[in-house]
Each structure stands twice: as structure tokens, then as C-alpha cells.
>>> print(open('target_32.cif').read())   # mmCIF, N, CA and C atoms
data_protein
#
loop_
_atom_site.label_atom_id
_atom_site.label_comp_id
_atom_site.auth_asym_id
_atom_site.auth_seq_id
_atom_site.Cartn_x
_atom_site.Cartn_y
_atom_site.Cartn_z
N MET A 485 2.04 1.10 0.17
CA MET A 485 1.19 2.23 0.48
C MET A 485 -0.23 1.90 0.08
N ALA A 486 -1.13 2.09 0.98
CA ALA A 486 -2.53 1.83 0.70
C ALA A 486 -3.13 3.00 -0.07
N ILE A 487 -4.31 2.78 -0.58
CA ILE A 487 -5.00 3.82 -1.34
C ILE A 487 -5.14 5.09 -0.50
N GLY A 488 -5.45 4.92 0.78
CA GLY A 488 -5.61 6.07 1.65
C GLY A 488 -4.35 6.93 1.73
N GLU A 489 -3.20 6.27 1.77
CA GLU A 489 -1.94 7.02 1.80
C GLU A 489 -1.71 7.76 0.49
N ARG A 490 -2.13 7.15 -0.61
CA ARG A 490 -1.98 7.82 -1.91
C ARG A 490 -2.91 9.03 -2.00
N ILE A 491 -4.15 8.88 -1.50
CA ILE A 491 -5.08 10.00 -1.48
C ILE A 491 -4.48 11.14 -0.65
N HIS A 492 -3.96 10.79 0.52
CA HIS A 492 -3.33 11.78 1.40
C HIS A 492 -2.18 12.48 0.67
N HIS A 493 -1.34 11.70 0.02
CA HIS A 493 -0.19 12.24 -0.71
C HIS A 493 -0.64 13.25 -1.78
N PHE A 494 -1.58 12.84 -2.62
CA PHE A 494 -2.02 13.72 -3.71
C PHE A 494 -2.79 14.93 -3.17
N ARG A 495 -3.54 14.75 -2.09
CA ARG A 495 -4.27 15.88 -1.50
C ARG A 495 -3.29 16.95 -1.03
N LEU A 496 -2.25 16.52 -0.31
CA LEU A 496 -1.25 17.48 0.17
C LEU A 496 -0.48 18.10 -0.99
N LEU A 497 -0.20 17.29 -2.00
CA LEU A 497 0.52 17.78 -3.18
C LEU A 497 -0.25 18.93 -3.84
N HIS A 498 -1.58 18.84 -3.81
CA HIS A 498 -2.42 19.88 -4.41
C HIS A 498 -2.79 20.99 -3.42
N GLY A 499 -2.40 20.83 -2.15
CA GLY A 499 -2.68 21.86 -1.16
C GLY A 499 -4.14 21.90 -0.72
N PHE A 500 -4.84 20.79 -0.85
CA PHE A 500 -6.25 20.73 -0.48
C PHE A 500 -6.40 20.35 0.99
N THR A 501 -7.42 20.90 1.64
CA THR A 501 -7.81 20.41 2.95
C THR A 501 -8.71 19.19 2.74
N GLN A 502 -8.91 18.42 3.78
CA GLN A 502 -9.82 17.28 3.68
C GLN A 502 -11.23 17.76 3.36
N LYS A 503 -11.64 18.83 3.99
CA LYS A 503 -12.99 19.37 3.76
C LYS A 503 -13.16 19.80 2.30
N TYR A 504 -12.17 20.53 1.78
CA TYR A 504 -12.25 21.01 0.40
C TYR A 504 -12.33 19.83 -0.57
N LEU A 505 -11.48 18.83 -0.37
CA LEU A 505 -11.50 17.67 -1.26
C LEU A 505 -12.83 16.93 -1.17
N GLY A 506 -13.34 16.76 0.04
CA GLY A 506 -14.63 16.10 0.21
C GLY A 506 -15.75 16.85 -0.49
N LYS A 507 -15.72 18.16 -0.43
CA LYS A 507 -16.74 18.96 -1.10
C LYS A 507 -16.60 18.84 -2.62
N LEU A 508 -15.36 18.76 -3.12
CA LEU A 508 -15.17 18.53 -4.56
C LEU A 508 -15.79 17.21 -5.00
N LEU A 509 -15.79 16.23 -4.09
CA LEU A 509 -16.38 14.92 -4.40
C LEU A 509 -17.90 14.93 -4.26
N GLY A 510 -18.44 16.02 -3.72
CA GLY A 510 -19.89 16.13 -3.61
C GLY A 510 -20.46 15.84 -2.23
N PHE A 511 -19.61 15.65 -1.24
CA PHE A 511 -20.10 15.42 0.12
C PHE A 511 -20.52 16.75 0.73
N ASN A 512 -21.51 16.71 1.62
CA ASN A 512 -21.98 17.94 2.26
C ASN A 512 -20.95 18.40 3.31
N ASP A 513 -21.18 19.62 3.82
CA ASP A 513 -20.24 20.22 4.77
C ASP A 513 -19.95 19.34 5.98
N MET A 514 -20.98 18.65 6.47
CA MET A 514 -20.80 17.83 7.67
C MET A 514 -20.02 16.55 7.39
N GLN A 515 -20.12 16.03 6.18
CA GLN A 515 -19.48 14.76 5.84
C GLN A 515 -18.13 14.91 5.15
N ALA A 516 -17.90 16.04 4.52
CA ALA A 516 -16.76 16.19 3.61
C ALA A 516 -15.41 15.81 4.24
N ASP A 517 -15.04 16.47 5.34
CA ASP A 517 -13.73 16.19 5.93
C ASP A 517 -13.69 14.82 6.61
N VAL A 518 -14.82 14.42 7.19
CA VAL A 518 -14.88 13.11 7.86
C VAL A 518 -14.66 11.99 6.85
N ARG A 519 -15.32 12.08 5.71
CA ARG A 519 -15.20 11.02 4.70
C ARG A 519 -13.77 10.93 4.18
N ILE A 520 -13.14 12.05 3.89
CA ILE A 520 -11.76 12.03 3.39
C ILE A 520 -10.82 11.49 4.46
N ALA A 521 -11.03 11.87 5.71
CA ALA A 521 -10.21 11.34 6.82
C ALA A 521 -10.37 9.82 6.90
N GLN A 522 -11.58 9.33 6.73
CA GLN A 522 -11.82 7.88 6.75
C GLN A 522 -11.08 7.19 5.61
N TYR A 523 -11.11 7.79 4.43
CA TYR A 523 -10.38 7.21 3.28
C TYR A 523 -8.89 7.18 3.58
N GLU A 524 -8.36 8.29 4.05
CA GLU A 524 -6.91 8.40 4.27
C GLU A 524 -6.43 7.46 5.36
N LYS A 525 -7.25 7.20 6.37
CA LYS A 525 -6.87 6.30 7.46
C LYS A 525 -7.17 4.84 7.14
N GLY A 526 -7.83 4.60 6.02
CA GLY A 526 -8.15 3.22 5.64
C GLY A 526 -9.36 2.65 6.35
N VAL A 527 -10.12 3.50 7.03
CA VAL A 527 -11.33 3.06 7.71
C VAL A 527 -12.41 2.71 6.69
N ARG A 528 -12.44 3.47 5.61
CA ARG A 528 -13.36 3.24 4.50
C ARG A 528 -12.56 3.24 3.21
N SER A 529 -13.08 2.51 2.23
CA SER A 529 -12.48 2.53 0.89
C SER A 529 -13.44 3.25 -0.05
N PRO A 530 -12.91 4.16 -0.85
CA PRO A 530 -13.79 4.87 -1.77
C PRO A 530 -14.34 3.94 -2.84
N LYS A 531 -15.61 4.14 -3.17
CA LYS A 531 -16.22 3.39 -4.26
C LYS A 531 -15.56 3.80 -5.56
N GLU A 532 -15.73 2.98 -6.59
CA GLU A 532 -15.07 3.23 -7.87
C GLU A 532 -15.37 4.62 -8.43
N LYS A 533 -16.63 5.07 -8.28
CA LYS A 533 -16.97 6.40 -8.82
C LYS A 533 -16.18 7.50 -8.12
N TYR A 534 -15.91 7.32 -6.81
CA TYR A 534 -15.12 8.31 -6.09
C TYR A 534 -13.64 8.21 -6.43
N LEU A 535 -13.16 6.99 -6.66
CA LEU A 535 -11.77 6.83 -7.10
C LEU A 535 -11.55 7.52 -8.44
N ASN A 536 -12.49 7.34 -9.35
CA ASN A 536 -12.38 7.99 -10.66
C ASN A 536 -12.45 9.50 -10.52
N ALA A 537 -13.34 9.98 -9.64
CA ALA A 537 -13.45 11.42 -9.42
C ALA A 537 -12.17 11.97 -8.79
N LEU A 538 -11.60 11.23 -7.83
CA LEU A 538 -10.34 11.65 -7.22
C LEU A 538 -9.23 11.74 -8.26
N ALA A 539 -9.18 10.74 -9.14
CA ALA A 539 -8.17 10.75 -10.20
C ALA A 539 -8.33 11.98 -11.09
N ASP A 540 -9.57 12.32 -11.42
CA ASP A 540 -9.82 13.53 -12.23
C ASP A 540 -9.38 14.78 -11.48
N ILE A 541 -9.74 14.87 -10.21
CA ILE A 541 -9.38 16.04 -9.40
C ILE A 541 -7.86 16.19 -9.30
N PHE A 542 -7.18 15.07 -9.08
CA PHE A 542 -5.72 15.11 -8.92
C PHE A 542 -4.98 15.13 -10.26
N GLU A 543 -5.73 14.94 -11.35
CA GLU A 543 -5.16 14.90 -12.70
C GLU A 543 -4.13 13.79 -12.83
N VAL A 544 -4.54 12.60 -12.37
CA VAL A 544 -3.71 11.40 -12.49
C VAL A 544 -4.60 10.28 -13.03
N SER A 545 -3.98 9.19 -13.44
CA SER A 545 -4.77 8.04 -13.86
C SER A 545 -5.37 7.38 -12.62
N PRO A 546 -6.55 6.75 -12.75
CA PRO A 546 -7.12 6.05 -11.60
C PRO A 546 -6.16 5.02 -11.02
N GLN A 547 -5.32 4.43 -11.85
CA GLN A 547 -4.35 3.45 -11.38
C GLN A 547 -3.30 4.08 -10.48
N ALA A 548 -3.14 5.40 -10.55
CA ALA A 548 -2.16 6.07 -9.69
C ALA A 548 -2.54 5.96 -8.22
N LEU A 549 -3.80 5.64 -7.97
CA LEU A 549 -4.26 5.47 -6.60
C LEU A 549 -4.20 4.01 -6.18
N GLY A 550 -3.78 3.13 -7.07
CA GLY A 550 -3.80 1.71 -6.80
C GLY A 550 -2.43 1.07 -6.70
N LEU A 551 -2.38 -0.22 -6.98
CA LEU A 551 -1.20 -1.05 -6.75
C LEU A 551 0.04 -0.60 -7.50
N LEU A 552 -0.07 -0.38 -8.80
CA LEU A 552 1.13 -0.08 -9.57
C LEU A 552 1.84 1.16 -9.04
N HIS A 553 1.08 2.19 -8.75
CA HIS A 553 1.71 3.40 -8.26
C HIS A 553 2.17 3.27 -6.81
N THR A 554 1.56 2.34 -6.10
CA THR A 554 2.08 2.01 -4.77
C THR A 554 3.47 1.41 -4.91
N LEU A 555 3.63 0.54 -5.90
CA LEU A 555 4.96 -0.03 -6.16
C LEU A 555 5.95 1.04 -6.60
N PHE A 556 5.50 2.00 -7.42
CA PHE A 556 6.38 3.09 -7.82
C PHE A 556 6.82 3.90 -6.60
N ALA A 557 5.89 4.15 -5.68
CA ALA A 557 6.24 4.88 -4.46
C ALA A 557 7.23 4.08 -3.63
N MET A 558 7.05 2.75 -3.59
CA MET A 558 7.98 1.91 -2.83
C MET A 558 9.37 1.94 -3.45
N GLU A 559 9.44 2.13 -4.76
CA GLU A 559 10.74 2.28 -5.40
C GLU A 559 11.42 3.55 -4.90
N ASP A 560 10.66 4.64 -4.86
CA ASP A 560 11.22 5.92 -4.40
C ASP A 560 11.64 5.88 -2.94
N ILE A 561 10.83 5.28 -2.11
CA ILE A 561 11.06 5.31 -0.67
C ILE A 561 12.01 4.21 -0.21
N TYR A 562 11.79 2.98 -0.71
CA TYR A 562 12.51 1.82 -0.18
C TYR A 562 13.52 1.20 -1.14
N GLY A 563 13.54 1.65 -2.37
CA GLY A 563 14.48 1.07 -3.33
C GLY A 563 14.02 -0.25 -3.91
N LEU A 564 12.74 -0.53 -3.84
CA LEU A 564 12.17 -1.75 -4.42
C LEU A 564 11.93 -1.49 -5.90
N TYR A 565 12.41 -2.39 -6.78
CA TYR A 565 12.22 -2.14 -8.21
C TYR A 565 12.09 -3.45 -8.99
N ALA A 566 11.48 -3.35 -10.15
CA ALA A 566 11.32 -4.51 -11.03
C ALA A 566 12.62 -4.72 -11.81
N ASP A 567 12.98 -5.98 -12.01
CA ASP A 567 14.20 -6.32 -12.73
C ASP A 567 14.00 -7.68 -13.38
N GLU A 568 15.06 -8.19 -13.98
CA GLU A 568 15.03 -9.50 -14.60
C GLU A 568 16.29 -10.26 -14.21
N ILE A 569 16.09 -11.50 -13.81
CA ILE A 569 17.22 -12.38 -13.50
C ILE A 569 17.00 -13.67 -14.28
N ASN A 570 17.97 -14.02 -15.11
CA ASN A 570 17.89 -15.24 -15.93
C ASN A 570 16.56 -15.35 -16.67
N GLY A 571 16.10 -14.25 -17.24
CA GLY A 571 14.87 -14.25 -18.01
C GLY A 571 13.60 -14.25 -17.19
N GLU A 572 13.71 -14.20 -15.86
CA GLU A 572 12.54 -14.19 -14.97
C GLU A 572 12.34 -12.79 -14.41
N LEU A 573 11.11 -12.31 -14.47
CA LEU A 573 10.77 -11.04 -13.87
C LEU A 573 10.81 -11.18 -12.35
N CYS A 574 11.39 -10.21 -11.67
CA CYS A 574 11.48 -10.27 -10.21
C CYS A 574 11.45 -8.86 -9.63
N ILE A 575 11.31 -8.80 -8.33
CA ILE A 575 11.41 -7.53 -7.62
C ILE A 575 12.69 -7.57 -6.81
N ARG A 576 13.45 -6.50 -6.90
CA ARG A 576 14.74 -6.44 -6.22
C ARG A 576 14.79 -5.24 -5.30
N LEU A 577 15.80 -5.25 -4.43
CA LEU A 577 16.04 -4.15 -3.51
C LEU A 577 17.35 -3.47 -3.86
N ASP A 578 17.37 -2.17 -3.70
CA ASP A 578 18.58 -1.38 -3.93
C ASP A 578 19.37 -1.34 -2.63
N LYS A 579 20.52 -2.03 -2.59
CA LYS A 579 21.34 -2.11 -1.38
C LYS A 579 21.86 -0.75 -0.92
N SER A 580 21.93 0.21 -1.83
CA SER A 580 22.44 1.53 -1.45
C SER A 580 21.50 2.29 -0.53
N LYS A 581 20.32 1.75 -0.27
CA LYS A 581 19.35 2.42 0.61
C LYS A 581 19.68 2.22 2.08
N GLY A 582 20.75 1.50 2.41
CA GLY A 582 21.23 1.36 3.79
C GLY A 582 20.24 0.69 4.72
N THR A 583 19.88 1.39 5.81
CA THR A 583 18.99 0.79 6.82
C THR A 583 17.60 0.52 6.25
N THR A 584 17.16 1.33 5.31
CA THR A 584 15.88 1.06 4.66
C THR A 584 15.93 -0.27 3.93
N TYR A 585 17.05 -0.52 3.26
CA TYR A 585 17.24 -1.80 2.58
C TYR A 585 17.15 -2.94 3.57
N LEU A 586 17.81 -2.81 4.72
CA LEU A 586 17.83 -3.89 5.71
C LEU A 586 16.44 -4.16 6.28
N SER A 587 15.65 -3.12 6.54
CA SER A 587 14.31 -3.34 7.10
C SER A 587 13.41 -4.03 6.08
N ILE A 588 13.47 -3.62 4.83
CA ILE A 588 12.67 -4.27 3.79
C ILE A 588 13.19 -5.69 3.55
N PHE A 589 14.50 -5.87 3.59
CA PHE A 589 15.08 -7.20 3.43
C PHE A 589 14.54 -8.15 4.50
N ASP A 590 14.48 -7.69 5.74
CA ASP A 590 13.95 -8.51 6.84
C ASP A 590 12.49 -8.89 6.61
N ILE A 591 11.70 -7.92 6.16
CA ILE A 591 10.28 -8.18 5.89
C ILE A 591 10.12 -9.21 4.78
N LEU A 592 10.83 -9.00 3.68
CA LEU A 592 10.73 -9.92 2.55
C LEU A 592 11.28 -11.31 2.90
N SER A 593 12.31 -11.36 3.72
CA SER A 593 12.86 -12.65 4.16
C SER A 593 11.84 -13.42 5.00
N ALA A 594 11.15 -12.73 5.90
CA ALA A 594 10.12 -13.37 6.71
C ALA A 594 8.99 -13.89 5.83
N TRP A 595 8.61 -13.11 4.85
CA TRP A 595 7.55 -13.51 3.92
C TRP A 595 7.97 -14.75 3.13
N GLN A 596 9.19 -14.70 2.60
CA GLN A 596 9.70 -15.83 1.81
C GLN A 596 9.77 -17.10 2.65
N SER A 597 10.15 -16.96 3.91
CA SER A 597 10.24 -18.11 4.80
C SER A 597 8.86 -18.75 5.00
N GLN A 598 7.86 -17.94 5.25
CA GLN A 598 6.50 -18.46 5.42
C GLN A 598 5.97 -19.08 4.13
N ARG A 599 6.29 -18.46 3.02
CA ARG A 599 5.87 -18.96 1.71
C ARG A 599 6.50 -20.34 1.44
N THR A 600 7.75 -20.52 1.82
CA THR A 600 8.44 -21.80 1.67
C THR A 600 7.78 -22.86 2.55
N LYS A 601 7.43 -22.49 3.77
CA LYS A 601 6.75 -23.42 4.67
C LYS A 601 5.40 -23.85 4.07
N LEU A 602 4.70 -22.93 3.46
CA LEU A 602 3.42 -23.26 2.82
C LEU A 602 3.64 -24.22 1.66
N ALA A 603 4.61 -23.93 0.82
CA ALA A 603 4.89 -24.76 -0.35
C ALA A 603 5.32 -26.18 0.04
N SER A 604 6.01 -26.32 1.15
CA SER A 604 6.50 -27.63 1.58
C SER A 604 5.46 -28.41 2.40
N GLY A 605 4.34 -27.75 2.73
CA GLY A 605 3.32 -28.41 3.52
C GLY A 605 3.55 -28.32 5.01
N GLU A 606 4.57 -27.58 5.41
CA GLU A 606 4.87 -27.42 6.83
C GLU A 606 3.78 -26.64 7.56
N ILE A 607 3.13 -25.70 6.84
CA ILE A 607 2.00 -24.97 7.39
C ILE A 607 0.85 -25.01 6.37
N THR A 608 -0.36 -24.80 6.85
CA THR A 608 -1.53 -24.80 5.98
C THR A 608 -1.74 -23.41 5.39
N LYS A 609 -2.61 -23.32 4.40
CA LYS A 609 -2.96 -22.03 3.81
C LYS A 609 -3.57 -21.12 4.87
N GLU A 610 -4.37 -21.70 5.75
CA GLU A 610 -4.98 -20.92 6.82
C GLU A 610 -3.91 -20.34 7.76
N GLN A 611 -2.90 -21.15 8.09
CA GLN A 611 -1.81 -20.66 8.95
C GLN A 611 -1.01 -19.57 8.23
N TYR A 612 -0.80 -19.77 6.94
CA TYR A 612 -0.08 -18.78 6.14
C TYR A 612 -0.86 -17.47 6.12
N ASP A 613 -2.18 -17.55 5.87
CA ASP A 613 -3.00 -16.35 5.86
C ASP A 613 -3.01 -15.68 7.22
N GLN A 614 -3.08 -16.47 8.27
CA GLN A 614 -3.05 -15.92 9.63
C GLN A 614 -1.75 -15.15 9.85
N TRP A 615 -0.64 -15.70 9.39
CA TRP A 615 0.64 -15.01 9.51
C TRP A 615 0.60 -13.69 8.73
N ARG A 616 0.14 -13.74 7.46
CA ARG A 616 0.12 -12.54 6.62
C ARG A 616 -0.75 -11.45 7.21
N TYR A 617 -1.94 -11.82 7.69
CA TYR A 617 -2.88 -10.82 8.17
C TYR A 617 -2.49 -10.25 9.52
N ASN A 618 -1.55 -10.88 10.19
CA ASN A 618 -1.13 -10.41 11.50
C ASN A 618 0.34 -10.01 11.57
N TYR A 619 1.03 -10.02 10.43
CA TYR A 619 2.43 -9.61 10.41
C TYR A 619 2.51 -8.14 10.79
N PRO A 620 3.42 -7.70 11.60
CA PRO A 620 4.57 -8.38 12.16
C PRO A 620 4.29 -9.06 13.51
N ASN A 621 3.11 -8.85 14.08
CA ASN A 621 2.82 -9.43 15.39
C ASN A 621 2.94 -10.94 15.38
N MET A 622 2.44 -11.60 14.35
CA MET A 622 2.50 -13.05 14.26
C MET A 622 3.95 -13.51 14.15
N ASP A 623 4.77 -12.75 13.43
CA ASP A 623 6.18 -13.11 13.26
C ASP A 623 6.92 -13.07 14.59
N LYS A 624 6.59 -12.11 15.45
CA LYS A 624 7.24 -12.00 16.75
C LYS A 624 6.89 -13.21 17.63
N ASN A 625 5.66 -13.72 17.47
CA ASN A 625 5.23 -14.86 18.25
C ASN A 625 5.93 -16.15 17.81
N ASP A 626 6.37 -16.22 16.54
CA ASP A 626 7.01 -17.41 16.01
C ASP A 626 8.45 -17.54 16.49
N LYS A 627 9.04 -16.46 16.96
CA LYS A 627 10.47 -16.48 17.30
C LYS A 627 10.70 -16.97 18.68
#
>>> encode(input="target_32.cif", output="C-alpha cells")
Amino acid sequence: MAIGERIHHFRLLHGFTQKYLGKLLGFNDMQADVRIAQYEKGVRSPKEKYLNALADIFEVSPQALGLLHTLFAMEDIYGLYADEINGELCIRLDKSKGTTYLSIFDILSAWQSQRTKLASGEITKEQYDQWRYNYPNMDKNDK
């Protein structure tokens, strides 16, 4: 989940409109809803001062809008969780999630396959990045 999705989630949780939230951040009437819509759609990323202000408004830590809480949300939605195998920290999937498990499994398998190709020298870093930045479209072209 991107920051925009987290902003959207917390905004709805608090019952705020985009305009109301934008005005709380100090944007004028004409910009308020447009700016929040841009954040939520990922067209723009809020500057740090706005992220901190959003965290205050939502009464969450600023990190709740970032990576760690994105991982927490992925645990709730997809069954992805941190674990330990043979003393190594890893991320695992909960098989009881059924079709959600299978879709995430397919995504992670494709990623692992490309990562292995990079490590073995079969593809370059540029090819690996091209795959990552264009997944899943790039993956469909490889098949």
C-alpha cells in the first residue's frame, strides 16, 4: 500500500472529506480537495511537513503512513507476516488466506525468479530494474 492509500484509509476512518482534510492542512478552498486527491492517487507525494501534519490530524505516528504500516496492512489483507526460519528473519505468507495466498505467492515467486537471475548474472541490474518498474506487464512479456 502506498502512502496515498494509507492517507485515503485514515481519511475515511475519520469520516473526513478530501476538502475538509485539505483545509486542515492549510490549503485554500480551491486547492484543498484537489491536493488530497493527488496524494491519494499517488500523483503527488506530500512533503515531510504535510506527512507530520497528517499524522497529527489522524492521531497516528508519522511512520503509520509509511513502509512499516504498509507491511502491517499487508498482514491484515494478504497474510504476509514477519517470522524466523533457522535464525534468519524472513517474510512469510499465511496459506489459510486461500486465493489471496496464491496471488501473492505468484507475485513473490516472479520476484524471486528475477532476483535469482540478477544474482547469477543472467540479467543486468538495468534489466532487473526494468522488470521491477514494469511488473506485471514486463512479466507477461517474458512468458
>>> select_by_dssp(input="target_32.cif", residues="chain A", states="strand (DSSP E or B)", output="list in words")
Leu564, Tyr565, Ala566, Asp567, Glu568, Ile569, Glu572, Leu573, Cys574, Ile575, Arg576 and Leu577 of chain A
>>> atom_distance(input="target_32.cif", atom1="atom CA of A:Lys503", atom2="atom C of A:Ser545")
21.7 Å
>>> resolve_selection(input="target_32.cif", expression="the PyMOL selection byres (((chain A and resi 488 and name CA) around 8) and name CA)", output="ChimeraX atom specification")
/A:485-487,489-492,523-526,529
>>> atom_distance(input="target_32.cif", atom1="atom CA of A:His553", atom2="atom N of A:Ala566")
12.0 Å
>>> axis_aligned_box(input="target_32.cif", around="stretch 539-551 of chain A", padding_each_side="6 Å", output="JSON")
{"center_x": -4.9, "center_y": 7.6, "center_z": -10.0, "size_x": 21.9, "size_y": 29.2, "size_z": 19.7}
>>> resolve_selection(input="target_32.cif", expression="the PyMOL selection byres (((chain A and resi 508 and name CA) around 12) and name CA)", output="PDB file with N, CA and C atoms, keeping the file's coordinate frame")
ATOM      1  N   ARG A 495      -3.540  14.750  -2.090  1.00  0.00           N
ATOM      2  CA  ARG A 495      -4.270  15.880  -1.500  1.00  0.00           C
ATOM      3  C   ARG A 495      -3.290  16.950  -1.030  1.00  0.00           C
ATOM      4  N   PHE A 500      -4.840  20.790  -0.850  1.00  0.00           N
ATOM      5  CA  PHE A 500      -6.250  20.730  -0.480  1.00  0.00           C
ATOM      6  C   PHE A 500      -6.400  20.350   0.990  1.00  0.00           C
ATOM      7  N   THR A 501      -7.420  20.900   1.640  1.00  0.00           N
ATOM      8  CA  THR A 501      -7.810  20.410   2.950  1.00  0.00           C
ATOM      9  C   THR A 501      -8.710  19.190   2.740  1.00  0.00           C
ATOM     10  N   GLN A 502      -8.910  18.420   3.780  1.00  0.00           N
ATOM     11  CA  GLN A 502      -9.820  17.280   3.680  1.00  0.00           C
ATOM     12  C   GLN A 502     -11.230  17.760   3.360  1.00  0.00           C
ATOM     13  N   LYS A 503     -11.640  18.830   3.990  1.00  0.00           N
ATOM     14  CA  LYS A 503     -12.990  19.370   3.760  1.00  0.00           C
ATOM     15  C   LYS A 503     -13.160  19.800   2.300  1.00  0.00           C
ATOM     16  N   TYR A 504     -12.170  20.530   1.780  1.00  0.00           N
ATOM     17  CA  TYR A 504     -12.250  21.010   0.400  1.00  0.00           C
ATOM     18  C   TYR A 504     -12.330  19.830  -0.570  1.00  0.00           C
ATOM     19  N   LEU A 505     -11.480  18.830  -0.370  1.00  0.00           N
ATOM     20  CA  LEU A 505     -11.500  17.670  -1.260  1.00  0.00           C
ATOM     21  C   LEU A 505     -12.830  16.930  -1.170  1.00  0.00           C
ATOM     22  N   GLY A 506     -13.340  16.760   0.040  1.00  0.00           N
ATOM     23  CA  GLY A 506     -14.630  16.100   0.210  1.00  0.00           C
ATOM     24  C   GLY A 506     -15.750  16.850  -0.490  1.00  0.00           C
ATOM     25  N   LYS A 507     -15.720  18.160  -0.430  1.00  0.00           N
ATOM     26  CA  LYS A 507     -16.740  18.960  -1.100  1.00  0.00           C
ATOM     27  C   LYS A 507     -16.600  18.840  -2.620  1.00  0.00           C
ATOM     28  N   LEU A 509     -15.790  16.230  -4.090  1.00  0.00           N
ATOM     29  CA  LEU A 509     -16.380  14.920  -4.400  1.00  0.00           C
ATOM     30  C   LEU A 509     -17.900  14.930  -4.260  1.00  0.00           C
ATOM     31  N   GLY A 510     -18.440  16.020  -3.720  1.00  0.00           N
ATOM     32  CA  GLY A 510     -19.890  16.130  -3.610  1.00  0.00           C
ATOM     33  C   GLY A 510     -20.460  15.840  -2.230  1.00  0.00           C
ATOM     34  N   PHE A 511     -19.610  15.650  -1.240  1.00  0.00           N
ATOM     35  CA  PHE A 511     -20.100  15.420   0.120  1.00  0.00           C
ATOM     36  C   PHE A 511     -20.520  16.750   0.730  1.00  0.00           C
ATOM     37  N   ASN A 512     -21.510  16.710   1.620  1.00  0.00           N
ATOM     38  CA  ASN A 512     -21.980  17.940   2.260  1.00  0.00           C
ATOM     39  C   ASN A 512     -20.950  18.400   3.310  1.00  0.00           C
ATOM     40  N   ASP A 513     -21.180  19.620   3.820  1.00  0.00           N
ATOM     41  CA  ASP A 513     -20.240  20.220   4.770  1.00  0.00           C
ATOM     42  C   ASP A 513     -19.950  19.340   5.980  1.00  0.00           C
ATOM     43  N   GLN A 515     -20.120  16.030   6.180  1.00  0.00           N
ATOM     44  CA  GLN A 515     -19.480  14.760   5.840  1.00  0.00           C
ATOM     45  C   GLN A 515     -18.130  14.910   5.150  1.00  0.00           C
ATOM     46  N   ALA A 516     -17.900  16.040   4.520  1.00  0.00           N
ATOM     47  CA  ALA A 516     -16.760  16.190   3.610  1.00  0.00           C
ATOM     48  C   ALA A 516     -15.410  15.810   4.240  1.00  0.00           C
ATOM     49  N   ASP A 517     -15.040  16.470   5.340  1.00  0.00           N
ATOM     50  CA  ASP A 517     -13.730  16.190   5.930  1.00  0.00           C
ATOM     51  C   ASP A 517     -13.690  14.820   6.610  1.00  0.00           C
ATOM     52  N   ARG A 519     -15.320  12.080   5.710  1.00  0.00           N
ATOM     53  CA  ARG A 519     -15.200  11.020   4.700  1.00  0.00           C
ATOM     54  C   ARG A 519     -13.770  10.930   4.180  1.00  0.00           C
ATOM     55  N   ILE A 520     -13.140  12.050   3.890  1.00  0.00           N
ATOM     56  CA  ILE A 520     -11.760  12.030   3.390  1.00  0.00           C
ATOM     57  C   ILE A 520     -10.820  11.490   4.460  1.00  0.00           C
ATOM     58  N   TYR A 534     -15.910   7.320  -6.810  1.00  0.00           N
ATOM     59  CA  TYR A 534     -15.120   8.310  -6.090  1.00  0.00           C
ATOM     60  C   TYR A 534     -13.640   8.210  -6.430  1.00  0.00           C
ATOM     61  N   ALA A 537     -13.340   9.980  -9.640  1.00  0.00           N
ATOM     62  CA  ALA A 537     -13.450  11.420  -9.420  1.00  0.00           C
ATOM     63  C   ALA A 537     -12.170  11.970  -8.790  1.00  0.00           C
ATOM     64  N   LEU A 538     -11.600  11.230  -7.830  1.00  0.00           N
ATOM     65  CA  LEU A 538     -10.340  11.650  -7.220  1.00  0.00           C
ATOM     66  C   LEU A 538      -9.230  11.740  -8.260  1.00  0.00           C
ATOM     67  N   ALA A 539      -9.180  10.740  -9.140  1.00  0.00           N
ATOM     68  CA  ALA A 539      -8.170  10.750 -10.200  1.00  0.00           C
ATOM     69  C   ALA A 539      -8.330  11.980 -11.090  1.00  0.00           C
ATOM     70  N   ASP A 540      -9.570  12.320 -11.420  1.00  0.00           N
ATOM     71  CA  ASP A 540      -9.820  13.530 -12.230  1.00  0.00           C
ATOM     72  C   ASP A 540      -9.380  14.780 -11.480  1.00  0.00           C
ATOM     73  N   ILE A 541      -9.740  14.870 -10.210  1.00  0.00           N
ATOM     74  CA  ILE A 541      -9.380  16.040  -9.400  1.00  0.00           C
ATOM     75  C   ILE A 541      -7.860  16.190  -9.300  1.00  0.00           C
ATOM     76  N   PHE A 542      -7.180  15.070  -9.080  1.00  0.00           N
ATOM     77  CA  PHE A 542      -5.720  15.110  -8.920  1.00  0.00           C
ATOM     78  C   PHE A 542      -4.980  15.130 -10.260  1.00  0.00           C
TER      79      PHE A 542
END
>>> residues_around(input="target_32.cif", residues="stretch 594-598 of chain A", least_positions_apart="4", cutoff="9 Å", atoms="only C-alpha atoms", output="PyMOL selection string")
chain A and resi 589-590+602-603+607+612+615-616+623
>>> atom_distance(input="target_32.cif", atom1="atom CA of A:Ile561", atom2="atom CA of A:Tyr617")
23.1 Å
>>> residues_around(input="target_32.cif", residues="A:Leu555", least_positions_apart="4", cutoff="7 Å", atoms="all atoms listed in the file", output="mmCIF file with N, CA and C atoms, in the coordinates of the input")
data_model
loop_
_atom_site.group_PDB
_atom_site.id
_atom_site.type_symbol
_atom_site.label_atom_id
_atom_site.label_comp_id
_atom_site.auth_asym_id
_atom_site.auth_seq_id
_atom_site.Cartn_x
_atom_site.Cartn_y
_atom_site.Cartn_z
ATOM 1 N N MET A 485 2.040 1.100 0.170
ATOM 2 C CA MET A 485 1.190 2.230 0.480
ATOM 3 C C MET A 485 -0.230 1.900 0.080
ATOM 4 N N GLY A 550 -3.780 3.130 -7.070
ATOM 5 C CA GLY A 550 -3.800 1.710 -6.800
ATOM 6 C C GLY A 550 -2.430 1.070 -6.700
ATOM 7 N N LEU A 551 -2.380 -0.220 -6.980
ATOM 8 C CA LEU A 551 -1.200 -1.050 -6.750
ATOM 9 C C LEU A 551 0.040 -0.600 -7.500
ATOM 10 N N GLU A 559 9.440 2.130 -4.760
ATOM 11 C CA GLU A 559 10.740 2.280 -5.400
ATOM 12 C C GLU A 559 11.420 3.550 -4.900
ATOM 13 N N ASP A 560 10.660 4.640 -4.860
ATOM 14 C CA ASP A 560 11.220 5.920 -4.400
ATOM 15 C C ASP A 560 11.640 5.880 -2.940
ATOM 16 N N LEU A 564 12.740 -0.530 -3.840
ATOM 17 C CA LEU A 564 12.170 -1.750 -4.420
ATOM 18 C C LEU A 564 11.930 -1.490 -5.900
#
>>> closest_residue(input="target_32.cif", among="A:Val518, A:Gly605, A:Ile591, A:Gly582", to="A:Pro620", atoms="only C-alpha atoms")
A:Ile591
